[in-house]
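Inspection log for the structure reproduced underneath, given as structure tokens.
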Amino acid sequence: MSGVDISHNELQVRSQITSIEKDGFWLLTGDGESFVPFSLYPAFKNATLHQIYNFRESHGDFHWDELDIDIELDALKFPERFPLKYE
């Protein structure tokens with residue numbers, strides 16, 4: 001039985017939303033899965049499914065153009081380092 005040898009550098013994982021729940025959604029990235037709570041990101045709370053699923057990734061940053069939301073992966077992994085301030 002032969003297989004294909006794929007190096008880690010050649011393997012690219014496309015980030016995706018895996019589940020949407022009443023209090024947030026799960027974002028799967030190459031670094032694992034992170035929960036995006038609506039309590040910390042309230043702009044998502046009234047968003048449509050299409051608006052939540054319609055995002056793009058750029059070097060560990062996630063952009064929801066329709067909602068004008070940008071989130072860094074580090075902010076999801078280490079929320080204590082990124083206190084949100086609403087003015």
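Note on naming: chains are A, B, ... as they come in the structure tokens, residues start from 1 per chain, ligands start from 1 in the order shown.
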At a cut-off of 12 Å, using only C-alpha atoms, what residues contact His59 in chain A? Leave out same-chain residues fewer than 6 positions from it and give the result as a PyMOL selection string.
chain A and resi 14-15+29-30+71-74
Those of range 8-76 of chain A in DSSP strand (DSSP E), formatted as an MDAnalysis selection string
chainID A and resid 16:21 24:29 32:37 56:58 61:64 69:72
File dump, residues just selected, N, CA and C atoms, as a CSV table (one decimal), in the first residue's frame:
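Saved as selection23.csv:
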```csv
chain,number,residue,atom,x,y,z
A,16,GLN,N,-12.4,27.3,9.6
A,16,GLN,CA,-13.8,27.2,9.4
A,16,GLN,C,-14.6,27.3,10.7
A,17,ILE,N,-15.9,27.7,10.6
A,17,ILE,CA,-16.8,27.7,11.7
A,17,ILE,C,-17.4,26.3,11.8
A,18,THR,N,-17.2,25.7,12.9
A,18,THR,CA,-17.7,24.3,13.0
A,18,THR,C,-19.0,24.2,13.7
A,19,SER,N,-19.4,25.2,14.5
A,19,SER,CA,-20.7,25.1,15.2
A,19,SER,C,-21.1,26.5,15.7
A,20,ILE,N,-22.4,26.7,15.7
A,20,ILE,CA,-22.9,28.0,16.2
A,20,ILE,C,-23.9,27.6,17.3
A,21,GLU,N,-23.7,28.2,18.5
A,21,GLU,CA,-24.5,27.9,19.6
A,21,GLU,C,-25.2,29.1,20.1
A,24,GLY,N,-22.5,31.6,21.4
A,24,GLY,CA,-21.3,31.9,20.6
A,24,GLY,C,-21.0,30.9,19.5
A,25,PHE,N,-19.9,30.9,18.9
A,25,PHE,CA,-19.6,29.9,17.9
A,25,PHE,C,-18.1,29.4,18.0
A,26,TRP,N,-17.9,28.3,17.4
A,26,TRP,CA,-16.5,27.6,17.4
A,26,TRP,C,-15.8,27.9,16.1
A,27,LEU,N,-14.6,28.3,16.2
A,27,LEU,CA,-13.7,28.6,15.0
A,27,LEU,C,-12.6,27.7,15.0
A,28,LEU,N,-12.5,26.8,14.0
A,28,LEU,CA,-11.4,25.8,13.9
A,28,LEU,C,-10.3,26.4,13.0
A,29,THR,N,-9.1,26.5,13.5
A,29,THR,CA,-8.0,27.0,12.8
A,29,THR,C,-6.9,25.9,12.8
A,32,GLY,N,-6.0,24.8,16.3
A,32,GLY,CA,-7.0,24.2,17.2
A,32,GLY,C,-8.3,24.9,17.0
A,33,GLU,N,-9.2,24.6,18.0
A,33,GLU,CA,-10.5,25.2,17.9
A,33,GLU,C,-10.7,26.2,19.1
A,34,SER,N,-11.3,27.4,18.7
A,34,SER,CA,-11.5,28.4,19.7
A,34,SER,C,-12.9,28.8,19.7
A,35,PHE,N,-13.4,29.1,20.9
A,35,PHE,CA,-14.8,29.6,21.1
A,35,PHE,C,-14.9,31.1,21.0
A,36,VAL,N,-15.8,31.6,20.3
A,36,VAL,CA,-16.0,33.1,20.1
A,36,VAL,C,-17.3,33.4,20.8
A,37,PRO,N,-17.3,33.9,22.1
A,37,PRO,CA,-18.5,34.1,22.8
A,37,PRO,C,-19.2,35.4,22.4
A,56,ARG,N,-12.9,35.8,6.3
A,56,ARG,CA,-11.6,35.5,5.6
A,56,ARG,C,-10.5,35.5,6.6
A,57,GLU,N,-9.5,34.8,6.4
A,57,GLU,CA,-8.3,34.7,7.3
A,57,GLU,C,-7.1,35.3,6.6
A,58,SER,N,-6.3,36.0,7.3
A,58,SER,CA,-5.0,36.6,6.8
A,58,SER,C,-4.0,36.5,7.9
A,61,ASP,N,-5.2,36.5,11.4
A,61,ASP,CA,-6.3,37.5,11.7
A,61,ASP,C,-7.5,37.1,10.9
A,62,PHE,N,-8.7,37.3,11.5
A,62,PHE,CA,-9.9,36.9,10.9
A,62,PHE,C,-10.8,38.1,10.7
A,63,HIS,N,-11.4,38.2,9.5
A,63,HIS,CA,-12.1,39.4,9.1
A,63,HIS,C,-13.5,39.0,8.6
A,64,TRP,N,-14.5,39.7,9.2
A,64,TRP,CA,-15.9,39.6,8.8
A,64,TRP,C,-16.2,40.9,8.2
A,69,ILE,N,-15.9,43.4,11.5
A,69,ILE,CA,-15.2,42.8,12.7
A,69,ILE,C,-13.9,42.2,12.3
A,70,ASP,N,-12.9,42.4,13.1
A,70,ASP,CA,-11.6,41.8,13.0
A,70,ASP,C,-11.2,41.2,14.3
A,71,ILE,N,-10.7,40.0,14.3
A,71,ILE,CA,-10.3,39.3,15.5
A,71,ILE,C,-8.9,38.6,15.2
A,72,GLU,N,-8.0,38.8,16.1
A,72,GLU,CA,-6.7,38.2,16.0
A,72,GLU,C,-6.8,36.8,16.7
```
Identify all residues of chain A in alpha helix (DSSP H) (DSSP on the backbone) and supply them as an MDAnalysis selection string.
chainID A and resid 49:53 73:77
List the spatial neighbours of Leu67 in chain A as an MDAnalysis selection string - criterion: any atom at most 10 Å away, only C-alpha atoms, same-chain residues fewer than 6 positions off excluded.
chainID A and resid 43:44 47:48 51:52 54:55
So the first atom is CA of Asp23 in chain A and the second is CA of Glu80 in chain A; what is the distance between them in Å, to one decimal place?
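We find that CA of Asp23 in chain A and CA of Glu80 in chain A lie 19.1 Å from each other.
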Closest of A:Asp68, A:Lys22, A:Gly60, A:Lys77 to Ser39 in chain A, counting only C-alpha atoms, is A:Lys22
Nearest to Asp65 in chain A, restricted to only C-alpha atoms and choosing among A:His50, A:Phe78, A:Tyr41, A:Asp31, comes out as A:His50
